[in-house]
Protein chains: 2
Amino acid sequence: MPDALSPTGSGDLATLMTDIGRRARAASAMLATAGANQRRSALVAAARHLRAQADTILAANAEDLARASDLASNLRDRLALSPQRVEAMAQGLDDIAAQPDPVGEVMEQWTRPNGLHFSKVRVPLGVIGVIYESRPNVTADAGALCIKSGNAAILRGGSESAASSAAILACLRQGLADVGLPEDAVQGLPTTDRAAVGHLLRMAEYVDVIVPRGGKGLIARVQEDSRVPVLAHLDGNCHVYVHQDADLEMAAAVLLNAKLRRTSVCGATESLLIDGAIAARALPRLVPMLLEAGCAVRGDGAVQAVDPRVTAATDADWGTEYLDAVLSAAVVPNLSAAIAWINRHGSHHTDAIITQSQAAADQFLAEVDSAIVLVNASTQFADGGEFGFGAEIGISTGRLHARGPVGARELTSFKYQVRGTGQVRP
Amino acid sequence: MPDALSPTGSGDLATLMTDIGRRARAASAMLATAGANQRRSALVAAARHLRAQADTILAANAEDLARASDLASNLRDRLALSPQRVEAMAQGLDDIAAQPDPVGEVMEQWTRPNGLHFSKVRVPLGVIGVIYESRPNVTADAGALCIKSGNAAILRGGSESAASSAAILACLRQGLADVGLPEDAVQGLPTTDRAAVGHLLRMAEYVDVIVPRGGKGLIARVQEDSRVPVLAHLDGNCHVYVHQDADLEMAAAVLLNAKLRRTSVCGATESLLIDGAIAARALPRLVPMLLEAGCAVRGDGAVQAVDPRVTAATDADWGTEYLDAVLSAAVVPNLSAAIAWINRHGSHHTDAIITQSQAAADQFLAEVDSAIVLVNASTQFADGGEFGFGAEIGISTGRLHARGPVGARELTSFKYQVRGTGQVRP
């Protein structure tokens with residue numbers, strides 16, 4: 001078990017954290033210049049260790065579960081591992097290993113009239129701090145994405161998953177060591193001391209970016225306290241807007257999937273907007289369908305009029321991410337009103353229009369100010385895997401650096417390489 | 001003169017700042033969906049107003065200069081305008097207008113096996129806060145780059161330039177109004193109240209990014225206080241490393257330019273490293289040359305031995321950005337030592353190698369962890385114009401979002417537009 005996960009006396013915490021930071025920075029330099037094959041081999045080796053040590057991991061997980069006997073059932077489910085879940089983690093590492101390597105890609109190149117040749121080359125960010133809840137699989141995913149992108153990782157999972165995460169972390173570190181890469185490219189933080197996170201957020205000298213995963217409270221605290229740039233994943237208050245030129249059967253199928261395929265994901269639709277011109281036909285088709293599928297509907301007056309089971313929406317509903325089988329629904333007069341509504345009440349995450357009109361689709365795509373805007377498709381496609389990015393570390397709701405799904409490529413920076421023959425600046 | 005520049009009672013400051021933020025947000029939405037031609041026309045119109053109102057601007061500048069009678073001469077020079085400098089500002093706006101428009105560019109597109117078509121499309125960042133010193137021309141440059149990239153700007157120049165900046169700002173706003181764009185796309189902050197900056201740095205709801213330009217103290221304060229992401233321009237402790245396979249005459253020409261063309265720019269070389277294998281030939285060629293050109297040299301033992309005018313460098317010298325006719329110089333045993341030295345003592349800004357060896361050049365370009373790495377060219381090419389980016393708002397020393405020169409394109413984000421035919425997620 002790595003030393004970094006062993007709690008120490010709190011007086012030593014600053015020293016411990018500085019040591020972790022220094023080791024991460026040194027490891028990141030080695031990882032950044034390691035070849036793609038070496039990093040790939042480390043991931044494949046780590047996957048092998050996960051499979052070989054499945055029993056150890058499951059025993060550690062049993063310890064965690066025994067200690068966390070008062071955890072709510074949904075959190076307990078996130079914490080619990082099974083042989084299948086361990087195999088899924090290992091398969092995840094193999095999948096990340098098989099993805100194209102982002103490091104060293106020449107993003108652009110050009111030559112200036114003075115003969116200087118410029119290349120913009122993708123490089124790792126450096127050291128990434130990941131703060132997450134008690135989900136052991138995130139240890140594997142996040143660690144692997146950082147290795148893939150040539151970054152060193154400092155991982156801080158929830159305290160309930162301490163033993164499971166440490167066992168998984170050990171596999172990642174063994175994989176690195178197997179191929180001659182520094183184990184310190186992936187380190188854990190002491191999970192028993194909350195002050196460790198405070199240190200992490202202020203180690204700008206050693207940490208280049210913080211990726212918080214978790215509830216709004218955690219992310220808000222991280223954003224408030226961090227002196228390191230944060231790639232935050234905030235809420236997804238996603239909309240489906242049924243335009244007057246929608247194919248109603250398509251709208252029904254997309255809406256049902258967007259709302260109910262999984263209600264706990266950030267790409268789940270939370271609010272339905274219906275164009276006034278189609279409301280008389282659309283509401284009786286869509287609203288009872290949702291209710292009968294087990295989804296509560298909170299509507300404005302027009303929506304309530306369709307079915308007595310619809311309850312009255314309050315103003316707060318329009319901005320609420322339910323993450324549950326609940327939907328808010330309103331009738332809007334036209335496309336422009338729908339766009340204005342979404343830009344006002346939405347969270348700039350993922351929003352969809354259902355329409356057969358090319359012009360309406362184009363206007364919606366251009367004017368809805370969200371990371372992901374879709375035409376005639378489910379908002380549940382808001383996912384790095386569905387984009388073809390392979391695994392993702394989250395979906396960024398910020399506008400700087402990364403917006404939308406954050407995969408290995410989004411965990412990179414770049415440098416400019418300039419080749420000359422003795423040029424001086426006039 | 002715009003209302004936003006008129007100071008108000010400090011009790012009203014929070015209200016005033018919120019109002020500025022709201023107006024900027026509203027204007028940014030209009031600017032983001034304005035066409036490229038409309039934004040281009042606004043810049044051309046603003047350039048026309050600058051020329052037509054040159055007398056007003058010069059009179060305002062005379063006021064500023066009269067009030068700032070105790071300003072140091074180099075700061076006074078930055079503050080002072082002349083008919084030529086006003087024309088240069090106007091020409092700068094015309095040049096930015098003529099650049100390619102970054103907004104709406106399809107950066108990538110692909111189709112997934114399920115038929116979903118993805119486009120990654122460049123969009124503005126939103127609202128940009130620019131904090132700078134008493135340099136009136138930055139008002140024109142920064143405002144124009146924000147308009148070009150479809151962003152609303154909140155500009156906060158130094159208090160000594162209040163009248164000049166307000167007169168220039170008025171021209172930008174008139175240019176916007178001439179073409180039917182909202183004047184509030186470019187607003188000023190009350191320059192007499194320092195607390196206004198504090199508010200700006202915490203208006204994450206209304207401001208998407210802060211660009212500080214100025215001394216280290218200003219930037220450090222902004223980074224410490226800001227709850228809005230910061231694109232910071234920190235120091236450039238740039239190196240020239242003369243490799244054993246260097247063409248010595250090329251090294252001499254490049255070094256002279258890199259150090260002395262302009263000593264006050266961030267791309268000026270501050271430190272010279274000489275390969276031990278070439279030191280006996282290189283030091284006598286390079287060191288007296290620098291001394292005779294008026295550059296003080298602070299060297300290690302080997303460099304001091306070459307010429308009695310060389311003074312002893314202290315450890316602090318290796319990390320110092322002089323911004324003056326002073327150079328630190330040391331002999332290093334080999335390429336790897338030079339790379340390690342630069343990564344340790346440098347500021348990850350701009351560094352150059354002089355060599356005829358392709359292998360040495362490639363290793364230097366790959367392993368020196370700086371925003372800009374050059375082979376056989378002057379570090380003074382660290383400039384957006386020299387990169388072909390047109391005007392720049394600064395050179396980012398951060399690794400997130402933008403690294404190196406920040407032009408109009410670096411002031412953008414992106415969104416994913418997804419077109420389907422009724423796809424739902426399995």
# chains A, B, ... in the order shown; residues from 1 in each chain; ligands from 1

call {"tool": "interface_residues", "arguments": {"of": "chain A", "to": "chain B", "cutoff": "7 Å", "atoms": "only C-alpha atoms", "output": "number ranges by chain"}}
result
A: 33, 125, 224, 227, 229, 250, 254, 257, 365, 367, 370-378, 380-381, 399-401, 403, 413-425

call {"tool": "write_last_selection", "arguments": {"atoms": "C-alpha atoms", "output": "PDB file, in the first residue's frame"}}
result
ATOM      1  CA  THR A  33       8.840  12.516 -22.220  1.00  0.00           C
ATOM      2  CA  LEU A 125      -0.776  19.568 -18.626  1.00  0.00           C
ATOM      3  CA  GLU A 224     -14.065  29.026  -3.844  1.00  0.00           C
ATOM      4  CA  ARG A 227      -5.717  28.792  -6.209  1.00  0.00           C
ATOM      5  CA  PRO A 229      -7.270  26.331 -12.048  1.00  0.00           C
ATOM      6  CA  MET A 250     -39.641  11.107 -32.959  1.00  0.00           C
ATOM      7  CA  VAL A 254     -36.305  10.983 -27.938  1.00  0.00           C
ATOM      8  CA  ASN A 257     -35.000   8.295 -23.641  1.00  0.00           C
ATOM      9  CA  LEU A 365     -27.599  25.238 -32.611  1.00  0.00           C
ATOM     10  CA  GLU A 367     -28.045  30.569 -30.334  1.00  0.00           C
ATOM     11  CA  SER A 370     -24.611  25.310 -24.164  1.00  0.00           C
ATOM     12  CA  ALA A 371     -21.588  23.017 -24.300  1.00  0.00           C
ATOM     13  CA  ILE A 372     -23.619  20.452 -26.267  1.00  0.00           C
ATOM     14  CA  VAL A 373     -26.562  21.322 -28.515  1.00  0.00           C
ATOM     15  CA  LEU A 374     -28.422  18.586 -30.368  1.00  0.00           C
ATOM     16  CA  VAL A 375     -31.000  18.281 -33.124  1.00  0.00           C
ATOM     17  CA  ASN A 376     -33.304  15.262 -33.109  1.00  0.00           C
ATOM     18  CA  ALA A 377     -31.264  13.252 -30.626  1.00  0.00           C
ATOM     19  CA  SER A 378     -31.385  12.418 -26.933  1.00  0.00           C
ATOM     20  CA  GLN A 380     -28.288  11.389 -22.871  1.00  0.00           C
ATOM     21  CA  PHE A 381     -25.620  11.383 -25.614  1.00  0.00           C
ATOM     22  CA  ARG A 399     -15.878  27.773 -21.019  1.00  0.00           C
ATOM     23  CA  LEU A 400     -12.100  27.881 -20.603  1.00  0.00           C
ATOM     24  CA  HIS A 401      -9.792  25.134 -21.863  1.00  0.00           C
ATOM     25  CA  ARG A 403     -16.027  22.457 -22.572  1.00  0.00           C
ATOM     26  CA  SER A 413      -1.791  21.650 -23.148  1.00  0.00           C
ATOM     27  CA  PHE A 414       0.522  22.540 -26.029  1.00  0.00           C
ATOM     28  CA  LYS A 415       3.812  24.229 -26.793  1.00  0.00           C
ATOM     29  CA  TYR A 416       5.105  26.089 -29.821  1.00  0.00           C
ATOM     30  CA  GLN A 417       8.238  24.636 -31.430  1.00  0.00           C
ATOM     31  CA  VAL A 418       9.940  27.132 -33.716  1.00  0.00           C
ATOM     32  CA  ARG A 419      12.725  26.110 -36.101  1.00  0.00           C
ATOM     33  CA  GLY A 420      14.956  28.739 -37.666  1.00  0.00           C
ATOM     34  CA  THR A 421      18.250  29.224 -39.435  1.00  0.00           C
ATOM     35  CA  GLY A 422      19.588  32.139 -37.450  1.00  0.00           C
ATOM     36  CA  GLN A 423      16.652  34.542 -37.722  1.00  0.00           C
ATOM     37  CA  VAL A 424      16.733  37.681 -35.577  1.00  0.00           C
ATOM     38  CA  ARG A 425      13.819  40.013 -35.008  1.00  0.00           C
TER      39      ARG A 425
END

call {"tool": "residues_around", "arguments": {"residues": "Glu133 of chain B", "least_positions_apart": "2", "cutoff": "7 Å", "atoms": "only C-alpha atoms", "output": "PyMOL selection string"}}
result
chain B and resi 135+157-158+214

call {"tool": "write_last_selection", "arguments": {"atoms": "C-alpha atoms", "output": "mmCIF file, in the first residue's frame"}}
result
data_model
loop_
_atom_site.group_PDB
_atom_site.id
_atom_site.type_symbol
_atom_site.label_atom_id
_atom_site.label_comp_id
_atom_site.auth_asym_id
_atom_site.auth_seq_id
_atom_site.Cartn_x
_atom_site.Cartn_y
_atom_site.Cartn_z
ATOM 1 C CA ARG B 135 -1.288 52.584 -21.173
ATOM 2 C CA GLY B 157 -6.897 50.684 -17.060
ATOM 3 C CA GLY B 158 -4.600 52.447 -14.625
ATOM 4 C CA GLY B 214 1.112 44.497 -15.824
#

call {"tool": "atom_distance", "arguments": {"atom1": "atom CA of Ala27 of chain B", "atom2": "atom CA of Asn61 of chain B"}}
result
28.5 Å

call {"tool": "residues_around", "arguments": {"residues": "segment 307-313 of chain A", "least_positions_apart": "5", "cutoff": "10 Å", "atoms": "only C-alpha atoms", "output": "ChimeraX atom specification"}}
result
/A:283-284,287-288,291,296-302,318,327-330

call {"tool": "write_last_selection", "arguments": {"atoms": "N, CA and C atoms", "output": "JSON list (two decimals), in the first residue's frame"}}
result
[["chain", "number", "residue", "atom", "x", "y", "z"],
["A", 283, "LEU", "N", -48.99, 17.99, -26.51],
["A", 283, "LEU", "CA", -49.15, 17.77, -25.07],
["A", 283, "LEU", "C", -49.90, 16.46, -24.79],
["A", 284, "PRO", "N", -51.03, 16.19, -25.48],
["A", 284, "PRO", "CA", -51.74, 14.93, -25.18],
["A", 284, "PRO", "C", -50.93, 13.69, -25.59],
["A", 287, "VAL", "N", -47.38, 14.10, -22.64],
["A", 287, "VAL", "CA", -47.52, 14.19, -21.18],
["A", 287, "VAL", "C", -48.05, 12.88, -20.57],
["A", 288, "PRO", "N", -49.15, 12.33, -21.09],
["A", 288, "PRO", "CA", -49.58, 11.04, -20.51],
["A", 288, "PRO", "C", -48.52, 9.95, -20.69],
["A", 291, "LEU", "N", -46.13, 10.33, -17.81],
["A", 291, "LEU", "CA", -46.77, 9.97, -16.55],
["A", 291, "LEU", "C", -46.90, 8.45, -16.44],
["A", 296, "ALA", "N", -43.01, 11.93, -12.88],
["A", 296, "ALA", "CA", -43.85, 13.03, -12.42],
["A", 296, "ALA", "C", -43.65, 14.23, -13.34],
["A", 297, "VAL", "N", -44.72, 14.98, -13.60],
["A", 297, "VAL", "CA", -44.62, 16.15, -14.47],
["A", 297, "VAL", "C", -45.12, 17.37, -13.70],
["A", 298, "ARG", "N", -44.29, 18.41, -13.69],
["A", 298, "ARG", "CA", -44.68, 19.68, -13.07],
["A", 298, "ARG", "C", -44.80, 20.69, -14.20],
["A", 299, "GLY", "N", -46.01, 21.20, -14.41],
["A", 299, "GLY", "CA", -46.22, 22.00, -15.61],
["A", 299, "GLY", "C", -46.73, 23.40, -15.35],
["A", 300, "ASP", "N", -46.68, 24.20, -16.42],
["A", 300, "ASP", "CA", -47.35, 25.49, -16.36],
["A", 300, "ASP", "C", -48.85, 25.24, -16.59],
["A", 301, "GLY", "N", -49.63, 26.30, -16.69],
["A", 301, "GLY", "CA", -51.07, 26.15, -16.81],
["A", 301, "GLY", "C", -51.48, 25.26, -17.97],
["A", 302, "ALA", "N", -50.89, 25.49, -19.14],
["A", 302, "ALA", "CA", -51.26, 24.73, -20.33],
["A", 302, "ALA", "C", -50.98, 23.24, -20.15],
["A", 318, "TRP", "N", -38.04, 25.55, -12.91],
["A", 318, "TRP", "CA", -37.41, 25.78, -14.23],
["A", 318, "TRP", "C", -35.88, 25.71, -14.15],
["A", 327, "LEU", "N", -40.08, 15.80, -14.24],
["A", 327, "LEU", "CA", -39.82, 16.69, -15.38],
["A", 327, "LEU", "C", -40.62, 17.97, -15.21],
["A", 328, "SER", "N", -40.02, 19.10, -15.50],
["A", 328, "SER", "CA", -40.80, 20.33, -15.59],
["A", 328, "SER", "C", -41.16, 20.54, -17.06],
["A", 329, "ALA", "N", -42.31, 21.15, -17.31],
["A", 329, "ALA", "CA", -42.77, 21.29, -18.70],
["A", 329, "ALA", "C", -43.52, 22.60, -18.86],
["A", 330, "ALA", "N", -43.25, 23.29, -19.97],
["A", 330, "ALA", "CA", -43.90, 24.57, -20.23],
["A", 330, "ALA", "C", -44.14, 24.74, -21.72]]

call {"tool": "select_by_dssp", "arguments": {"residues": "segment 158-313 of chain A", "states": "strand (DSSP E or B)", "output": "ChimeraX atom specification"}}
result
/A:186-188,209-212,230,238-242,269-275,296-299,311-312

call {"tool": "residues_around", "arguments": {"residues": "Gly407 of chain B", "least_positions_apart": "4", "cutoff": "6 Å", "atoms": "only C-alpha atoms", "output": "list of chain:residue names"}}
result
B:Phe389, B:Ala391, B:Glu392

call {"tool": "closest_residue", "arguments": {"among": "B:Ala90, B:Ala246, B:Ala316, B:Leu189", "to": "Gln358 of chain B", "atoms": "only C-alpha atoms"}}
result
B:Ala246

call {"tool": "residues_around", "arguments": {"residues": "Ile154 of chain A", "least_positions_apart": "5", "cutoff": "10 Å", "atoms": "only C-alpha atoms", "output": "PDB file with N, CA and C atoms, in the first residue's frame"}}
result
ATOM      1  N   ALA A   4       1.733   7.227   0.655  1.00  0.00           N
ATOM      2  CA  ALA A   4       0.984   8.473   0.580  1.00  0.00           C
ATOM      3  C   ALA A   4      -0.430   8.326   1.118  1.00  0.00           C
ATOM      4  N   ILE A  20       4.436  15.116  -1.541  1.00  0.00           N
ATOM      5  CA  ILE A  20       3.604  14.525  -2.599  1.00  0.00           C
ATOM      6  C   ILE A  20       3.672  15.397  -3.856  1.00  0.00           C
ATOM      7  N   GLY A  21       3.576  16.706  -3.652  1.00  0.00           N
ATOM      8  CA  GLY A  21       3.632  17.629  -4.786  1.00  0.00           C
ATOM      9  C   GLY A  21       4.950  17.542  -5.536  1.00  0.00           C
ATOM     10  N   ALA A  24       5.143  14.339  -7.452  1.00  0.00           N
ATOM     11  CA  ALA A  24       4.269  14.368  -8.630  1.00  0.00           C
ATOM     12  C   ALA A  24       4.917  15.189  -9.743  1.00  0.00           C
ATOM     13  N   VAL A 127       0.589  18.159 -13.709  1.00  0.00           N
ATOM     14  CA  VAL A 127       0.082  17.415 -12.547  1.00  0.00           C
ATOM     15  C   VAL A 127      -1.403  17.752 -12.374  1.00  0.00           C
ATOM     16  N   ILE A 128      -2.223  16.714 -12.283  1.00  0.00           N
ATOM     17  CA  ILE A 128      -3.666  16.893 -12.176  1.00  0.00           C
ATOM     18  C   ILE A 128      -4.138  16.362 -10.832  1.00  0.00           C
ATOM     19  N   GLY A 129      -4.825  17.188 -10.087  1.00  0.00           N
ATOM     20  CA  GLY A 129      -5.435  16.757  -8.829  1.00  0.00           C
ATOM     21  C   GLY A 129      -6.894  16.407  -9.064  1.00  0.00           C
ATOM     22  N   VAL A 130      -7.288  15.189  -8.700  1.00  0.00           N
ATOM     23  CA  VAL A 130      -8.674  14.769  -8.906  1.00  0.00           C
ATOM     24  C   VAL A 130      -9.311  14.518  -7.542  1.00  0.00           C
ATOM     25  N   ILE A 131     -10.407  15.189  -7.299  1.00  0.00           N
ATOM     26  CA  ILE A 131     -11.115  15.055  -6.021  1.00  0.00           C
ATOM     27  C   ILE A 131     -12.483  14.454  -6.320  1.00  0.00           C
ATOM     28  N   ALA A 142      -9.732   7.698 -13.555  1.00  0.00           N
ATOM     29  CA  ALA A 142      -9.052   8.993 -13.540  1.00  0.00           C
ATOM     30  C   ALA A 142      -7.539   8.797 -13.595  1.00  0.00           C
ATOM     31  N   GLY A 143      -7.052   7.828 -12.830  1.00  0.00           N
ATOM     32  CA  GLY A 143      -5.618   7.555 -12.871  1.00  0.00           C
ATOM     33  C   GLY A 143      -5.174   7.167 -14.276  1.00  0.00           C
ATOM     34  N   CYS A 146      -5.111  10.097 -16.747  1.00  0.00           N
ATOM     35  CA  CYS A 146      -3.947  10.954 -16.517  1.00  0.00           C
ATOM     36  C   CYS A 146      -2.684  10.315 -17.101  1.00  0.00           C
ATOM     37  N   ASP A 184       5.275   7.299  -8.668  1.00  0.00           N
ATOM     38  CA  ASP A 184       4.688   8.541  -8.164  1.00  0.00           C
ATOM     39  C   ASP A 184       3.916   9.308  -9.218  1.00  0.00           C
ATOM     40  N   ALA A 185       3.855   8.781 -10.427  1.00  0.00           N
ATOM     41  CA  ALA A 185       2.979   9.393 -11.424  1.00  0.00           C
ATOM     42  C   ALA A 185       1.511   9.289 -11.003  1.00  0.00           C
ATOM     43  N   VAL A 186       1.200   8.343 -10.122  1.00  0.00           N
ATOM     44  CA  VAL A 186      -0.151   8.295  -9.543  1.00  0.00           C
ATOM     45  C   VAL A 186      -0.014   8.143  -8.040  1.00  0.00           C
ATOM     46  N   GLN A 187      -0.447   9.147  -7.314  1.00  0.00           N
ATOM     47  CA  GLN A 187      -0.377   9.110  -5.853  1.00  0.00           C
ATOM     48  C   GLN A 187      -1.764   9.330  -5.271  1.00  0.00           C
ATOM     49  N   GLY A 188      -1.960   8.814  -4.080  1.00  0.00           N
ATOM     50  CA  GLY A 188      -3.188   9.082  -3.353  1.00  0.00           C
ATOM     51  C   GLY A 188      -2.932  10.107  -2.264  1.00  0.00           C
ATOM     52  N   LEU A 189      -3.996  10.705  -1.785  1.00  0.00           N
ATOM     53  CA  LEU A 189      -3.885  11.624  -0.639  1.00  0.00           C
ATOM     54  C   LEU A 189      -4.420  10.924   0.590  1.00  0.00           C
ATOM     55  N   LEU A 200      -3.999  20.724  -1.093  1.00  0.00           N
ATOM     56  CA  LEU A 200      -3.939  20.408  -2.519  1.00  0.00           C
ATOM     57  C   LEU A 200      -4.398  21.593  -3.369  1.00  0.00           C
ATOM     58  N   VAL A 207       0.736  21.669  -8.670  1.00  0.00           N
ATOM     59  CA  VAL A 207      -0.486  21.135  -9.291  1.00  0.00           C
ATOM     60  C   VAL A 207      -0.952  22.108 -10.367  1.00  0.00           C
ATOM     61  N   ILE A 210      -7.093  21.242 -11.119  1.00  0.00           N
ATOM     62  CA  ILE A 210      -7.905  20.422 -10.215  1.00  0.00           C
ATOM     63  C   ILE A 210      -9.168  20.007 -10.954  1.00  0.00           C
TER      64      ILE A 210
END

call {"tool": "closest_residue", "arguments": {"among": "B:Ala36, B:Ala195, B:Ala277, B:Leu43", "to": "Ile96 of chain B", "atoms": "only C-alpha atoms"}}
result
B:Leu43

call {"tool": "select_by_dssp", "arguments": {"residues": "segment 62-297 of chain A", "states": "alpha helix (DSSP H)", "output": "PyMOL selection string"}}
result
chain A and resi 62-67+73-79+83-98+136-148+162-178+195-200+216-225+248-260+276-292

call {"tool": "closest_residue", "arguments": {"among": "B:Leu145, B:Val265, B:Val306, B:Ala337", "to": "Ala325 of chain B", "atoms": "only C-alpha atoms"}}
result
B:Val265

call {"tool": "closest_residue", "arguments": {"among": "A:Met107, A:Ala204, A:Ala80, A:Ala72", "to": "Ala59 of chain A", "atoms": "only C-alpha atoms"}}
result
A:Ala80

call {"tool": "residues_around", "arguments": {"residues": "Ile57 of chain B", "least_positions_apart": "6", "cutoff": "8 Å", "atoms": "only C-alpha atoms", "output": "PyMOL selection string"}}
result
chain B and resi 50+164+167-168

call {"tool": "decode", "arguments": {"residues": "segment 274-294 of chain A", "atoms": "N, CA and C atoms", "output": "PDB file, in the first residue's frame"}}
result
ATOM      1  N   ILE A 274     -42.528  23.051 -25.091  1.00  0.00           N
ATOM      2  CA  ILE A 274     -43.364  22.697 -26.242  1.00  0.00           C
ATOM      3  C   ILE A 274     -43.724  23.994 -26.967  1.00  0.00           C
ATOM      4  N   ASP A 275     -43.565  23.976 -28.267  1.00  0.00           N
ATOM      5  CA  ASP A 275     -43.939  25.141 -29.054  1.00  0.00           C
ATOM      6  C   ASP A 275     -45.462  25.314 -29.027  1.00  0.00           C
ATOM      7  N   GLY A 276     -45.915  26.554 -28.823  1.00  0.00           N
ATOM      8  CA  GLY A 276     -47.353  26.821 -28.744  1.00  0.00           C
ATOM      9  C   GLY A 276     -48.100  26.335 -29.980  1.00  0.00           C
ATOM     10  N   ALA A 277     -47.444  26.414 -31.148  1.00  0.00           N
ATOM     11  CA  ALA A 277     -48.114  26.056 -32.393  1.00  0.00           C
ATOM     12  C   ALA A 277     -48.414  24.570 -32.498  1.00  0.00           C
ATOM     13  N   ILE A 278     -47.724  23.769 -31.698  1.00  0.00           N
ATOM     14  CA  ILE A 278     -47.931  22.321 -31.790  1.00  0.00           C
ATOM     15  C   ILE A 278     -48.467  21.760 -30.473  1.00  0.00           C
ATOM     16  N   ALA A 279     -48.686  22.659 -29.499  1.00  0.00           N
ATOM     17  CA  ALA A 279     -49.030  22.216 -28.144  1.00  0.00           C
ATOM     18  C   ALA A 279     -50.307  21.377 -28.113  1.00  0.00           C
ATOM     19  N   ALA A 280     -51.288  21.783 -28.873  1.00  0.00           N
ATOM     20  CA  ALA A 280     -52.576  21.084 -28.804  1.00  0.00           C
ATOM     21  C   ALA A 280     -52.430  19.625 -29.238  1.00  0.00           C
ATOM     22  N   ARG A 281     -51.527  19.347 -30.159  1.00  0.00           N
ATOM     23  CA  ARG A 281     -51.292  17.962 -30.572  1.00  0.00           C
ATOM     24  C   ARG A 281     -50.234  17.292 -29.691  1.00  0.00           C
ATOM     25  N   ALA A 282     -49.215  18.053 -29.342  1.00  0.00           N
ATOM     26  CA  ALA A 282     -48.059  17.437 -28.682  1.00  0.00           C
ATOM     27  C   ALA A 282     -48.331  17.097 -27.227  1.00  0.00           C
ATOM     28  N   LEU A 283     -48.987  17.994 -26.515  1.00  0.00           N
ATOM     29  CA  LEU A 283     -49.151  17.765 -25.073  1.00  0.00           C
ATOM     30  C   LEU A 283     -49.900  16.459 -24.793  1.00  0.00           C
ATOM     31  N   PRO A 284     -51.032  16.193 -25.477  1.00  0.00           N
ATOM     32  CA  PRO A 284     -51.742  14.932 -25.183  1.00  0.00           C
ATOM     33  C   PRO A 284     -50.929  13.693 -25.586  1.00  0.00           C
ATOM     34  N   ARG A 285     -50.023  13.845 -26.530  1.00  0.00           N
ATOM     35  CA  ARG A 285     -49.189  12.707 -26.927  1.00  0.00           C
ATOM     36  C   ARG A 285     -48.069  12.470 -25.911  1.00  0.00           C
ATOM     37  N   LEU A 286     -47.438  13.554 -25.436  1.00  0.00           N
ATOM     38  CA  LEU A 286     -46.208  13.419 -24.648  1.00  0.00           C
ATOM     39  C   LEU A 286     -46.457  13.314 -23.146  1.00  0.00           C
ATOM     40  N   VAL A 287     -47.383  14.099 -22.638  1.00  0.00           N
ATOM     41  CA  VAL A 287     -47.522  14.188 -21.180  1.00  0.00           C
ATOM     42  C   VAL A 287     -48.052  12.878 -20.572  1.00  0.00           C
ATOM     43  N   PRO A 288     -49.148  12.332 -21.086  1.00  0.00           N
ATOM     44  CA  PRO A 288     -49.582  11.037 -20.515  1.00  0.00           C
ATOM     45  C   PRO A 288     -48.519   9.948 -20.694  1.00  0.00           C
ATOM     46  N   MET A 289     -47.797   9.963 -21.801  1.00  0.00           N
ATOM     47  CA  MET A 289     -46.720   8.986 -22.017  1.00  0.00           C
ATOM     48  C   MET A 289     -45.716   9.016 -20.860  1.00  0.00           C
ATOM     49  N   LEU A 290     -45.294  10.219 -20.495  1.00  0.00           N
ATOM     50  CA  LEU A 290     -44.319  10.352 -19.410  1.00  0.00           C
ATOM     51  C   LEU A 290     -44.905   9.885 -18.094  1.00  0.00           C
ATOM     52  N   LEU A 291     -46.128  10.329 -17.808  1.00  0.00           N
ATOM     53  CA  LEU A 291     -46.772   9.968 -16.548  1.00  0.00           C
ATOM     54  C   LEU A 291     -46.903   8.448 -16.441  1.00  0.00           C
ATOM     55  N   GLU A 292     -47.294   7.839 -17.552  1.00  0.00           N
ATOM     56  CA  GLU A 292     -47.486   6.389 -17.507  1.00  0.00           C
ATOM     57  C   GLU A 292     -46.162   5.629 -17.416  1.00  0.00           C
ATOM     58  N   ALA A 293     -45.085   6.284 -17.828  1.00  0.00           N
ATOM     59  CA  ALA A 293     -43.759   5.667 -17.681  1.00  0.00           C
ATOM     60  C   ALA A 293     -43.194   5.896 -16.275  1.00  0.00           C
ATOM     61  N   GLY A 294     -43.974   6.544 -15.423  1.00  0.00           N
ATOM     62  CA  GLY A 294     -43.525   6.704 -14.043  1.00  0.00           C
ATOM     63  C   GLY A 294     -42.835   8.022 -13.766  1.00  0.00           C
TER      64      GLY A 294
END
